[in-house]
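What follows is a single structure, written as structure tokens, with notes after it.
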Amino acid sequence: LFLFGQSLGGVNAIVALARHPESGIRAAAFESSFASYRSIVRDKIKLIPVLSWFRWPLSYVVVGNRYSADTHISRLPPVPVAIIHGTRDTVVPYEHALRLKKKAGERAELWTVEGGNHVEAFTKYRAEYAPRLVNFFLQEGPDL
């Protein structure tokens with residue numbers, strides 16, 4: 001079994017895998033996922049002129065971090081992980097990928113999609129990233 005999640009789906013996949021390490025997943029990849037619910041709320045509130053001054057306190061009132069990727073990614077079972085993110089993501093800033101990579105440690109690879117926007121690795125940049133993802137998964141499952 002291999003796990004792939006995009007955006008919020010990637011966040012949910014990280015949490016699910018961390019909470020169920022016995023699931024049989026052999027490798028996982030996450031594209032354009034945010035590091036924490038509070039940080040993505042702060043990123044979005046920052047775009048609203050009047051509310052931007054209150055983004056820190058509002059982020060604590062609006063949402064919790066119990067199911068945030070950055071609190072679970074370090075507890076993933078010992079499987080290879082690919083974190084995929086575009087440098088020009090207008091929905092989830094690239095900095096979220098850097099935070100997830102730091103928390104995931106050495107076993108995680110960071111695939112930077114230069115100039116890529118939100119979840120574009122497998123649409124606009126498909127010719128490069130689709131074969132790379134297939135090869136990443138095949139390295140972990142040569143008996144497929």
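Following the order of the structure tokens, chains are lettered A, B, ..., residues in each are numbered from 1, and ligands are numbered from 1.
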
*If you count only C-alpha atoms, which residues fall within 12 Å of A:Glu22, apart from same-chain ones fewer than 4 positions away, as a list in words?*
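Here the qualifying residues turn out to be Leu1, Ala16, Leu17, Ala18, Arg26, Leu76, Pro77, Pro78 and Val79 of chain A.
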
*asked:* Give me the residues near A:Gly86 as a list in words, where near means some atom within 8 Å (using only C-alpha atoms) and where sequence neighbours in that chain fewer than 5 positions away do not count.
replied: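 Those residues are Ser32, Tyr94, Thr112, Val113, Glu114, Gly115, Gly116, Asn117, His118, Val119, Glu120 and Ala121 of chain A.
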
*Take atom CA of A:Leu8 and atom CA of A:Glu128 and report the distance between them in Å, one decimal.*
23.1 Å

*Go through A:Arg132, A:Arg19, A:Lys46, A:His72 one by one, measure the shortest atom-to-atom distance of each to A:Leu100 using only C-alpha atoms, and give the residue with the smallest value.*
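Ranked by minimum distance to A:Leu100, first place goes to A:His72.
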
*For A:Ser33, please output as a ChimeraX atom specification all residues within 12 Å (counting only C-alpha atoms; exclusion window: fewer than 6 positions along the same chain).*
/A:4-15,39-40,68-70,73,82-86,89,91-101,118-119

Would you mind exporting C-alpha atoms of the selected residues as an mmCIF file, in the first residue's frame?
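The file below, again_32.cif, is the result:
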```cif
data_model
loop_
_atom_site.group_PDB
_atom_site.id
_atom_site.type_symbol
_atom_site.label_atom_id
_atom_site.label_comp_id
_atom_site.auth_asym_id
_atom_site.auth_seq_id
_atom_site.Cartn_x
_atom_site.Cartn_y
_atom_site.Cartn_z
ATOM 1 C CA PHE A 4 -0.728 9.960 -1.579
ATOM 2 C CA GLY A 5 -2.567 13.071 -0.403
ATOM 3 C CA GLN A 6 -2.915 16.584 -1.725
ATOM 4 C CA SER A 7 -3.524 19.776 0.254
ATOM 5 C CA LEU A 8 -5.993 19.041 3.087
ATOM 6 C CA GLY A 9 -5.989 15.399 1.963
ATOM 7 C CA GLY A 10 -2.258 15.293 2.630
ATOM 8 C CA VAL A 11 -2.734 16.688 6.117
ATOM 9 C CA ASN A 12 -5.404 14.084 6.845
ATOM 10 C CA ALA A 13 -3.198 11.323 5.383
ATOM 11 C CA ILE A 14 -0.265 12.320 7.601
ATOM 12 C CA VAL A 15 -2.429 12.225 10.722
ATOM 13 C CA SER A 39 -0.661 28.670 10.608
ATOM 14 C CA ILE A 40 -2.814 28.388 7.476
ATOM 15 C CA SER A 68 -2.200 19.302 12.279
ATOM 16 C CA ALA A 69 0.421 17.678 10.084
ATOM 17 C CA ASP A 70 3.389 19.214 11.889
ATOM 18 C CA ILE A 73 4.644 13.924 10.816
ATOM 19 C CA ALA A 82 8.075 12.667 -0.245
ATOM 20 C CA ILE A 83 6.886 16.205 0.447
ATOM 21 C CA ILE A 84 6.006 17.947 -2.819
ATOM 22 C CA HIS A 85 5.304 21.675 -3.019
ATOM 23 C CA GLY A 86 5.353 24.523 -5.517
ATOM 24 C CA ASP A 89 1.690 28.210 -4.240
ATOM 25 C CA VAL A 91 -3.121 28.673 -1.469
ATOM 26 C CA VAL A 92 -0.564 27.072 0.874
ATOM 27 C CA PRO A 93 2.751 28.964 0.991
ATOM 28 C CA TYR A 94 5.937 26.985 0.268
ATOM 29 C CA GLU A 95 7.160 27.648 3.831
ATOM 30 C CA HIS A 96 4.705 24.999 5.041
ATOM 31 C CA ALA A 97 6.641 22.360 3.085
ATOM 32 C CA LEU A 98 9.898 23.509 4.680
ATOM 33 C CA ARG A 99 8.343 23.162 8.139
ATOM 34 C CA LEU A 100 7.017 19.682 7.361
ATOM 35 C CA LYS A 101 10.391 18.583 5.969
ATOM 36 C CA HIS A 118 -1.151 24.734 -5.639
ATOM 37 C CA VAL A 119 -1.288 21.001 -6.538
#
```

Mind checking DSSP for chain A and telling me the alpha helix (DSSP H) residues as a CSV table (one decimal) with N, CA and C atoms, in the first residue's frame?
```
chain,number,residue,atom,x,y,z
A,8,LEU,N,-5.4,19.5,1.9
A,8,LEU,CA,-6.0,19.0,3.1
A,8,LEU,C,-6.0,17.5,3.1
A,9,GLY,N,-6.1,16.9,2.0
A,9,GLY,CA,-6.0,15.4,2.0
A,9,GLY,C,-4.6,14.9,2.4
A,10,GLY,N,-3.6,15.6,2.1
A,10,GLY,CA,-2.3,15.3,2.6
A,10,GLY,C,-2.1,15.4,4.1
A,11,VAL,N,-2.7,16.5,4.7
A,11,VAL,CA,-2.7,16.7,6.1
A,11,VAL,C,-3.5,15.5,6.8
A,12,ASN,N,-4.6,15.2,6.3
A,12,ASN,CA,-5.4,14.1,6.8
A,12,ASN,C,-4.7,12.8,6.7
A,13,ALA,N,-4.0,12.6,5.6
A,13,ALA,CA,-3.2,11.3,5.4
A,13,ALA,C,-2.0,11.2,6.4
A,14,ILE,N,-1.4,12.3,6.6
A,14,ILE,CA,-0.3,12.3,7.6
A,14,ILE,C,-0.8,11.9,9.0
A,15,VAL,N,-1.9,12.5,9.4
A,15,VAL,CA,-2.4,12.2,10.7
A,15,VAL,C,-2.9,10.8,10.8
A,16,ALA,N,-3.6,10.3,9.8
A,16,ALA,CA,-4.1,8.9,9.8
A,16,ALA,C,-2.9,7.9,9.8
A,17,LEU,N,-1.9,8.2,9.1
A,17,LEU,CA,-0.8,7.2,9.1
A,17,LEU,C,0.0,7.3,10.4
A,18,ALA,N,0.1,8.4,11.0
A,18,ALA,CA,0.8,8.5,12.3
A,18,ALA,C,0.0,7.8,13.4
A,19,ARG,N,-1.4,7.9,13.3
A,19,ARG,CA,-2.2,7.3,14.3
A,19,ARG,C,-2.4,5.8,14.0
A,37,TYR,N,-3.1,23.9,11.1
A,37,TYR,CA,-4.4,24.6,10.9
A,37,TYR,C,-4.2,26.0,11.3
A,38,ARG,N,-3.6,26.3,12.5
A,38,ARG,CA,-3.5,27.7,12.9
A,38,ARG,C,-2.6,28.5,12.0
A,39,SER,N,-1.5,27.9,11.5
A,39,SER,CA,-0.7,28.7,10.6
A,39,SER,C,-1.3,29.0,9.3
A,40,ILE,N,-2.1,28.1,8.7
A,40,ILE,CA,-2.8,28.4,7.5
A,40,ILE,C,-3.9,29.4,7.7
A,41,VAL,N,-4.6,29.4,8.9
A,41,VAL,CA,-5.5,30.4,9.2
A,41,VAL,C,-4.8,31.8,9.3
A,42,ARG,N,-3.7,31.8,10.0
A,42,ARG,CA,-2.9,33.1,10.0
A,42,ARG,C,-2.6,33.6,8.7
A,43,ASP,N,-2.1,32.7,7.8
A,43,ASP,CA,-1.8,33.1,6.4
A,43,ASP,C,-3.0,33.7,5.7
A,44,LYS,N,-4.1,33.1,5.9
A,44,LYS,CA,-5.3,33.6,5.2
A,44,LYS,C,-5.9,34.9,5.9
A,45,ILE,N,-5.8,35.0,7.2
A,45,ILE,CA,-6.3,36.2,7.9
A,45,ILE,C,-5.4,37.4,7.5
A,55,ARG,N,-4.3,38.4,13.6
A,55,ARG,CA,-4.2,37.0,13.1
A,55,ARG,C,-3.7,36.0,14.1
A,56,TRP,N,-2.8,36.4,15.0
A,56,TRP,CA,-2.3,35.4,16.0
A,56,TRP,C,-3.4,35.1,17.0
A,57,PRO,N,-4.1,36.0,17.7
A,57,PRO,CA,-5.1,35.6,18.6
A,57,PRO,C,-6.3,35.0,17.9
A,58,LEU,N,-6.7,35.5,16.7
A,58,LEU,CA,-7.8,34.9,16.0
A,58,LEU,C,-7.5,33.4,15.6
A,59,SER,N,-6.3,33.1,15.3
A,59,SER,CA,-6.0,31.7,14.9
A,59,SER,C,-6.2,30.8,16.0
A,60,TYR,N,-6.0,31.2,17.3
A,60,TYR,CA,-6.2,30.4,18.4
A,60,TYR,C,-7.7,30.2,18.8
A,61,VAL,N,-8.5,31.2,18.4
A,61,VAL,CA,-9.9,31.2,18.7
A,61,VAL,C,-10.7,30.4,17.6
A,62,VAL,N,-10.2,30.5,16.4
A,62,VAL,CA,-10.9,29.9,15.2
A,62,VAL,C,-10.7,28.4,15.1
A,69,ALA,N,-0.6,18.5,10.6
A,69,ALA,CA,0.4,17.7,10.1
A,69,ALA,C,1.7,17.8,10.9
A,70,ASP,N,2.1,19.0,11.2
A,70,ASP,CA,3.4,19.2,11.9
A,70,ASP,C,3.5,18.6,13.3
A,71,THR,N,2.3,18.3,13.9
A,71,THR,CA,2.4,17.6,15.2
A,71,THR,C,2.4,16.1,15.1
A,72,HIS,N,2.1,15.6,13.8
A,72,HIS,CA,2.1,14.2,13.6
A,72,HIS,C,3.2,13.6,12.7
A,95,GLU,N,6.6,27.8,2.5
A,95,GLU,CA,7.2,27.6,3.8
A,95,GLU,C,6.6,26.5,4.6
A,96,HIS,N,5.3,26.1,4.3
A,96,HIS,CA,4.7,25.0,5.0
A,96,HIS,C,5.5,23.7,4.7
A,97,ALA,N,5.9,23.5,3.5
A,97,ALA,CA,6.6,22.4,3.1
A,97,ALA,C,8.0,22.3,3.8
A,98,LEU,N,8.6,23.5,4.0
A,98,LEU,CA,9.9,23.5,4.7
A,98,LEU,C,9.7,23.1,6.1
A,99,ARG,N,8.6,23.5,6.7
A,99,ARG,CA,8.3,23.2,8.1
A,99,ARG,C,8.1,21.7,8.3
A,100,LEU,N,7.3,21.1,7.3
A,100,LEU,CA,7.0,19.7,7.4
A,100,LEU,C,8.3,18.9,7.2
A,101,LYS,N,9.1,19.3,6.2
A,101,LYS,CA,10.4,18.6,6.0
A,101,LYS,C,11.3,18.6,7.2
A,102,LYS,N,11.4,19.7,7.9
A,102,LYS,CA,12.2,19.8,9.1
A,102,LYS,C,11.6,18.9,10.2
A,103,LYS,N,10.3,18.8,10.3
A,103,LYS,CA,9.8,17.9,11.4
A,103,LYS,C,9.9,16.5,11.0
A,104,ALA,N,9.8,16.2,9.7
A,104,ALA,CA,9.9,14.8,9.2
A,104,ALA,C,11.3,14.2,9.4
A,126,ARG,N,3.2,17.5,-14.8
A,126,ARG,CA,3.0,16.1,-14.8
A,126,ARG,C,4.1,15.3,-15.5
A,127,ALA,N,4.6,15.7,-16.6
A,127,ALA,CA,5.6,15.0,-17.3
A,127,ALA,C,6.9,14.7,-16.5
A,128,GLU,N,7.2,15.6,-15.5
A,128,GLU,CA,8.3,15.4,-14.7
A,128,GLU,C,8.0,14.7,-13.4
A,129,TYR,N,6.9,15.1,-12.7
A,129,TYR,CA,6.6,14.5,-11.4
A,129,TYR,C,5.8,13.2,-11.4
A,130,ALA,N,5.0,12.9,-12.3
A,130,ALA,CA,4.3,11.7,-12.3
A,130,ALA,C,5.2,10.5,-12.4
A,131,PRO,N,6.2,10.5,-13.4
A,131,PRO,CA,7.1,9.3,-13.4
A,131,PRO,C,8.0,9.3,-12.1
A,132,ARG,N,8.3,10.5,-11.6
A,132,ARG,CA,9.2,10.5,-10.4
A,132,ARG,C,8.4,9.9,-9.2
A,133,LEU,N,7.1,10.2,-9.1
A,133,LEU,CA,6.3,9.6,-8.0
A,133,LEU,C,6.2,8.1,-8.2
A,134,VAL,N,5.9,7.6,-9.4
A,134,VAL,CA,5.8,6.2,-9.7
A,134,VAL,C,7.1,5.5,-9.3
A,135,ASN,N,8.3,6.1,-9.7
A,135,ASN,CA,9.6,5.5,-9.3
A,135,ASN,C,9.8,5.5,-7.8
A,136,PHE,N,9.4,6.5,-7.2
A,136,PHE,CA,9.5,6.6,-5.7
A,136,PHE,C,8.8,5.4,-5.1
A,137,PHE,N,7.5,5.2,-5.5
A,137,PHE,CA,6.7,4.1,-5.0
A,137,PHE,C,7.3,2.8,-5.4
A,138,LEU,N,7.8,2.6,-6.6
A,138,LEU,CA,8.3,1.3,-7.0
A,138,LEU,C,9.6,0.9,-6.3
A,139,GLN,N,10.4,1.9,-5.9
A,139,GLN,CA,11.6,1.6,-5.1
A,139,GLN,C,11.2,1.0,-3.7
A,140,GLU,N,10.0,1.2,-3.3
A,140,GLU,CA,9.5,0.7,-2.0
A,140,GLU,C,8.7,-0.6,-2.2
```

*asked:* Quick check, in Å to one decimal: how far apart do atom CA of A:Tyr67 and atom CA of A:His20 lie?
replied: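 Separating atom CA of A:Tyr67 from atom CA of A:His20 is a distance of 13.6 Å.
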
_atom CA of A:Ala108 to atom CA of A:Glu31, straight-line distance in Å_ = 12.8 Å

Among chain A, which residues carry a DSSP assignment of strand (DSSP E or B), reported as a short mmCIF file (atom, residue, chain, number, x, y, z; two decimals) with N, CA, C and O atoms, in the first residue's frame?
```
data_model
loop_
_atom_site.label_atom_id
_atom_site.label_comp_id
_atom_site.auth_asym_id
_atom_site.auth_seq_id
_atom_site.Cartn_x
_atom_site.Cartn_y
_atom_site.Cartn_z
N PHE A 2 0.45 2.23 -0.79
CA PHE A 2 1.14 3.51 -0.85
C PHE A 2 0.13 4.60 -0.57
O PHE A 2 -1.05 4.46 -0.88
N LEU A 3 0.59 5.68 0.00
CA LEU A 3 -0.31 6.75 0.41
C LEU A 3 0.06 8.02 -0.33
O LEU A 3 1.24 8.40 -0.38
N PHE A 4 -0.94 8.69 -0.91
CA PHE A 4 -0.73 9.96 -1.58
C PHE A 4 -1.87 10.89 -1.21
O PHE A 4 -3.04 10.52 -1.32
N GLY A 5 -1.55 12.09 -0.75
CA GLY A 5 -2.57 13.07 -0.40
C GLY A 5 -2.16 14.45 -0.86
O GLY A 5 -0.98 14.79 -0.85
N GLN A 6 -3.15 15.22 -1.27
CA GLN A 6 -2.91 16.58 -1.72
C GLN A 6 -3.64 17.57 -0.82
O GLN A 6 -4.79 17.34 -0.42
N ALA A 27 5.18 3.53 1.66
CA ALA A 27 5.76 4.83 1.31
C ALA A 27 4.61 5.82 1.21
O ALA A 27 3.46 5.44 0.96
N ALA A 28 4.92 7.10 1.42
CA ALA A 28 3.87 8.12 1.41
C ALA A 28 4.38 9.39 0.74
O ALA A 28 5.56 9.74 0.87
N ALA A 29 3.48 10.05 0.03
CA ALA A 29 3.81 11.32 -0.62
C ALA A 29 2.67 12.30 -0.35
O ALA A 29 1.49 11.93 -0.37
N PHE A 30 3.05 13.55 -0.11
CA PHE A 30 2.08 14.59 0.22
C PHE A 30 2.40 15.82 -0.61
O PHE A 30 3.54 16.29 -0.61
N GLU A 31 1.40 16.35 -1.30
CA GLU A 31 1.60 17.52 -2.14
C GLU A 31 0.79 18.71 -1.63
O GLU A 31 -0.40 18.59 -1.34
N VAL A 81 9.17 9.13 2.79
CA VAL A 81 8.17 10.18 2.63
C VAL A 81 8.67 11.18 1.60
O VAL A 81 9.83 11.59 1.63
N ALA A 82 7.79 11.59 0.70
CA ALA A 82 8.08 12.67 -0.24
C ALA A 82 7.11 13.81 0.05
O ALA A 82 5.90 13.62 0.11
N ILE A 83 7.67 14.99 0.25
CA ILE A 83 6.89 16.21 0.45
C ILE A 83 7.06 17.03 -0.83
O ILE A 83 8.20 17.38 -1.18
N ILE A 84 5.97 17.31 -1.51
CA ILE A 84 6.01 17.95 -2.82
C ILE A 84 5.28 19.29 -2.71
O ILE A 84 4.15 19.34 -2.22
N HIS A 85 5.93 20.36 -3.18
CA HIS A 85 5.30 21.68 -3.02
C HIS A 85 5.85 22.66 -4.04
O HIS A 85 7.05 22.68 -4.31
N GLY A 86 4.97 23.48 -4.57
CA GLY A 86 5.35 24.52 -5.52
C GLY A 86 5.83 25.77 -4.82
O GLY A 86 5.30 26.16 -3.78
N ALA A 108 12.57 11.99 4.93
CA ALA A 108 11.68 12.69 4.02
C ALA A 108 12.47 13.40 2.93
O ALA A 108 13.52 13.99 3.19
N GLU A 109 11.97 13.32 1.72
CA GLU A 109 12.52 14.06 0.59
C GLU A 109 11.62 15.26 0.36
O GLU A 109 10.41 15.15 0.46
N LEU A 110 12.22 16.39 0.02
CA LEU A 110 11.45 17.57 -0.37
C LEU A 110 11.62 17.76 -1.87
O LEU A 110 12.73 17.96 -2.35
N TRP A 111 10.51 17.64 -2.59
CA TRP A 111 10.51 17.87 -4.03
C TRP A 111 9.95 19.26 -4.27
O TRP A 111 8.76 19.49 -4.15
N THR A 112 10.83 20.19 -4.61
CA THR A 112 10.43 21.56 -4.86
C THR A 112 10.03 21.72 -6.32
O THR A 112 10.83 21.46 -7.22
N VAL A 113 8.81 22.16 -6.53
CA VAL A 113 8.29 22.41 -7.88
C VAL A 113 8.53 23.89 -8.16
O VAL A 113 7.74 24.74 -7.75
#
```
